[in-house]
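Asker: Let me begin by handing over the structure; questions about it come next.
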Amino acid sequence: MRRILPALVALLVGLVVLLDYFLENPVLDALGSFLLEGAIILAAFALLLGLWNLLLVHERKVRRRERGWPASIVILLSTLGGLAVGLAGWRSGALDWFYRYVLFPLEASTGALLAFVVVSAAVRLWRLGSLEGTVMLVVGAIVLAGTLLPQGGALGVLTPLREWIVSVPALAAVRGILLGVALGIMATGLRVLLWIDRPYE
Amino acid sequence: MDLLRLLWETTSITPEGLTALAGLLAFAALILALTLRASRVGPFAVRPLAAAERVRGVLGRAMETGEPLHVALGIGGIGDVSTADTLAGLSLVSFLADRGALAEVPVRVRLAQPTALVGAIAVLQRGAEVTGYPEAYEPTQAAFVAPVPLAYAAGTAEALRLEPPAANAMVGAFGAEVLLPAQAGREQPQMVQVGGTSDPSTLPLLFAMTEAPLLGEEVYALGAAFGRADHTGSLAAQDVFRALVAFGIVLGAVLALVIA
């Protein structure tokens, strides 16, 4: 029973939501909306589990004095502080201030680091010396130059070349990948519906 | 009966919806038939995936050194648009949880969505129970890092630097932020690093930063590559449908040329 009941529930819910997507019927529409709203509420409860897990992981790190434990203290304090401010003073605008002047700038700074890592990845590709890596690097350089450099004179050829690369070979490759991905996503969903995969057990 | 008749009378479907539903049902029937065939006659042959071979290979080293194995499940969850990618990552976690519990190799999972955390905890717990070592499961094996992509990536990168694993597998939904944990992995010369996602814009980054990238649909073949016979059936069904779609595209292009 412990195995069959979740499987039956998953099968029924999956079928109703799937049929609701294809068919127009007021009863199915209402049932489908109800089930989707239920999923959203369940996901909100999962957030509580996430919070509990975060506290547990970092409390353990601090207690065992594992490497990097001082950072765990900062994480614990900011999580609990954010929670307290959110619960006690959610109308005060303190959380808005924190988001605007602390979190967003921190996120933007971290995002800026990605540009340097992309350069590092390009150098790594060049050093690997493989054919695929070299082609990727050359094509990337052409597309970048065709986008950023001022056009005219000898560089005039870069813009049409960039347009051709983006709209013909790159688009064809992306469509090929997306076709395979779509089939993979369908197969993954159908495996759950057909009871071949049971990730909820 | 009256209720069924009322339901039938109030139900309608568009011609496009009918075509899509017919295609889906045909695909489902093919998956079912080929999965049954795979379980009765034997699994279909699967092309070896370099990433799966690397992960398999590093298990022995992890057993000797006691280093953990790390899986980054990405920024996707269960129940959103990236569910399939997250489930693909969880099939890798499932394989490692089984082998890890038997070989006393700790498996660490880091993720950005609480719904994925529920799945990861279930898979890790089941792996420890099925192999007869329930004590091998620890509640902190799966860690929720942060729900924001860049914060998740920064936290995962820092964790890889603080506790370098024998292997780092980044399989799930990722964007450009994957570069941060990937770079942290590159800094550890002994670490085996593999990655896979279905997002075409992230694939070049994984191609550049990992030893064995899983490109696009290869992510969904991980279960079959790790020896699940029932997954080879759906993989064969995907191949049949892909060939049909490719044939349809070529035929359509030729007909369009002829008519023009």
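Ordering of the structure tokens sets the chain letters (A, B, ...), residue numbers begin anew at 1 in every chain, and ligands are numbered from 1 in the order given.
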Could the residues of chain A within 7 Å of chain B, counting only C-alpha atoms, be given as number ranges by chain, please?

Answerer: A: 22-25, 43, 46-47, 49-50, 53-54, 57, 67-68, 107, 110-111, 114, 117, 121, 124-125, 174, 177, 180-181, 183-185, 187-188, 190

Asker: Output N, CA and C atoms for every residue in the selection just made, as a tab-separated table (two decimals), in the first residue's frame.

Answerer:
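Writing the result to result_39.tsv gives the following:
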chain	number	residue	atom	x	y	z
A	22	PHE	N	-4.92	19.58	-22.89
A	22	PHE	CA	-5.36	19.33	-24.27
A	22	PHE	C	-6.85	19.60	-24.48
A	23	LEU	N	-7.68	19.28	-23.48
A	23	LEU	CA	-9.13	19.31	-23.66
A	23	LEU	C	-9.75	20.57	-23.06
A	24	GLU	N	-10.84	21.00	-23.66
A	24	GLU	CA	-11.63	22.12	-23.12
A	24	GLU	C	-12.83	21.54	-22.40
A	25	ASN	N	-12.83	21.63	-21.08
A	25	ASN	CA	-13.96	21.11	-20.31
A	25	ASN	C	-14.00	21.86	-18.97
A	43	ALA	N	4.84	23.46	-2.62
A	43	ALA	CA	6.19	23.99	-2.86
A	43	ALA	C	6.55	25.03	-1.80
A	46	ALA	N	7.77	23.30	1.12
A	46	ALA	CA	9.14	22.81	0.88
A	46	ALA	C	10.16	23.89	1.24
A	47	LEU	N	9.76	25.16	1.09
A	47	LEU	CA	10.67	26.26	1.45
A	47	LEU	C	11.02	26.22	2.94
A	49	LEU	N	11.24	23.51	4.68
A	49	LEU	CA	12.23	22.44	4.80
A	49	LEU	C	13.61	22.95	4.38
A	50	GLY	N	13.62	23.79	3.32
A	50	GLY	CA	14.88	24.38	2.86
A	50	GLY	C	15.52	25.23	3.95
A	53	ASN	N	16.90	22.99	6.63
A	53	ASN	CA	18.12	22.33	6.16
A	53	ASN	C	19.31	23.29	6.20
A	54	LEU	N	19.08	24.53	5.79
A	54	LEU	CA	20.16	25.54	5.80
A	54	LEU	C	20.69	25.74	7.22
A	57	VAL	N	22.63	22.50	8.40
A	57	VAL	CA	23.95	22.33	7.77
A	57	VAL	C	24.98	23.26	8.40
A	67	ARG	N	36.05	23.38	8.28
A	67	ARG	CA	36.69	24.46	7.53
A	67	ARG	C	35.64	25.46	7.05
A	68	GLY	N	35.92	26.73	7.24
A	68	GLY	CA	35.00	27.77	6.80
A	68	GLY	C	33.87	28.05	7.77
A	107	GLU	N	25.09	40.76	-5.61
A	107	GLU	CA	24.80	39.87	-6.73
A	107	GLU	C	25.43	40.40	-8.02
A	110	THR	N	29.13	39.73	-8.00
A	110	THR	CA	29.43	38.32	-8.28
A	110	THR	C	29.22	38.03	-9.76
A	111	GLY	N	28.15	38.62	-10.33
A	111	GLY	CA	27.87	38.43	-11.75
A	111	GLY	C	28.99	38.97	-12.63
A	114	LEU	N	31.85	36.75	-13.67
A	114	LEU	CA	31.65	35.76	-14.71
A	114	LEU	C	32.43	36.11	-15.98
A	117	VAL	N	35.80	34.71	-15.79
A	117	VAL	CA	35.80	33.25	-15.88
A	117	VAL	C	35.58	32.82	-17.34
A	121	ALA	N	37.89	30.40	-19.47
A	121	ALA	CA	37.39	29.24	-20.19
A	121	ALA	C	37.88	29.26	-21.64
A	124	ARG	N	41.44	28.22	-21.78
A	124	ARG	CA	41.52	26.77	-21.58
A	124	ARG	C	41.19	26.02	-22.88
A	125	LEU	N	40.18	26.50	-23.60
A	125	LEU	CA	39.81	25.87	-24.87
A	125	LEU	C	40.97	25.95	-25.86
A	174	VAL	N	21.09	24.78	-32.58
A	174	VAL	CA	20.21	24.97	-31.41
A	174	VAL	C	18.90	24.24	-31.61
A	177	ILE	N	19.41	20.57	-31.05
A	177	ILE	CA	19.53	20.26	-29.61
A	177	ILE	C	18.15	20.33	-28.96
A	180	GLY	N	15.94	17.27	-29.58
A	180	GLY	CA	16.32	16.14	-28.72
A	180	GLY	C	15.91	16.38	-27.28
A	181	VAL	N	16.08	17.63	-26.81
A	181	VAL	CA	15.72	17.96	-25.42
A	181	VAL	C	14.22	17.81	-25.22
A	183	LEU	N	12.14	15.85	-26.80
A	183	LEU	CA	11.81	14.42	-26.73
A	183	LEU	C	12.25	13.83	-25.38
A	184	GLY	N	13.42	14.28	-24.89
A	184	GLY	CA	13.92	13.80	-23.59
A	184	GLY	C	12.99	14.21	-22.45
A	185	ILE	N	12.49	15.46	-22.50
A	185	ILE	CA	11.58	15.94	-21.45
A	185	ILE	C	10.28	15.14	-21.49
A	187	ALA	N	9.84	12.13	-22.67
A	187	ALA	CA	10.10	10.75	-22.22
A	187	ALA	C	10.21	10.69	-20.69
A	188	THR	N	10.87	11.71	-20.10
A	188	THR	CA	11.02	11.73	-18.64
A	188	THR	C	9.65	11.81	-17.96
A	190	LEU	N	6.67	11.03	-19.29
A	190	LEU	CA	5.86	9.83	-19.57
A	190	LEU	C	6.33	8.63	-18.75
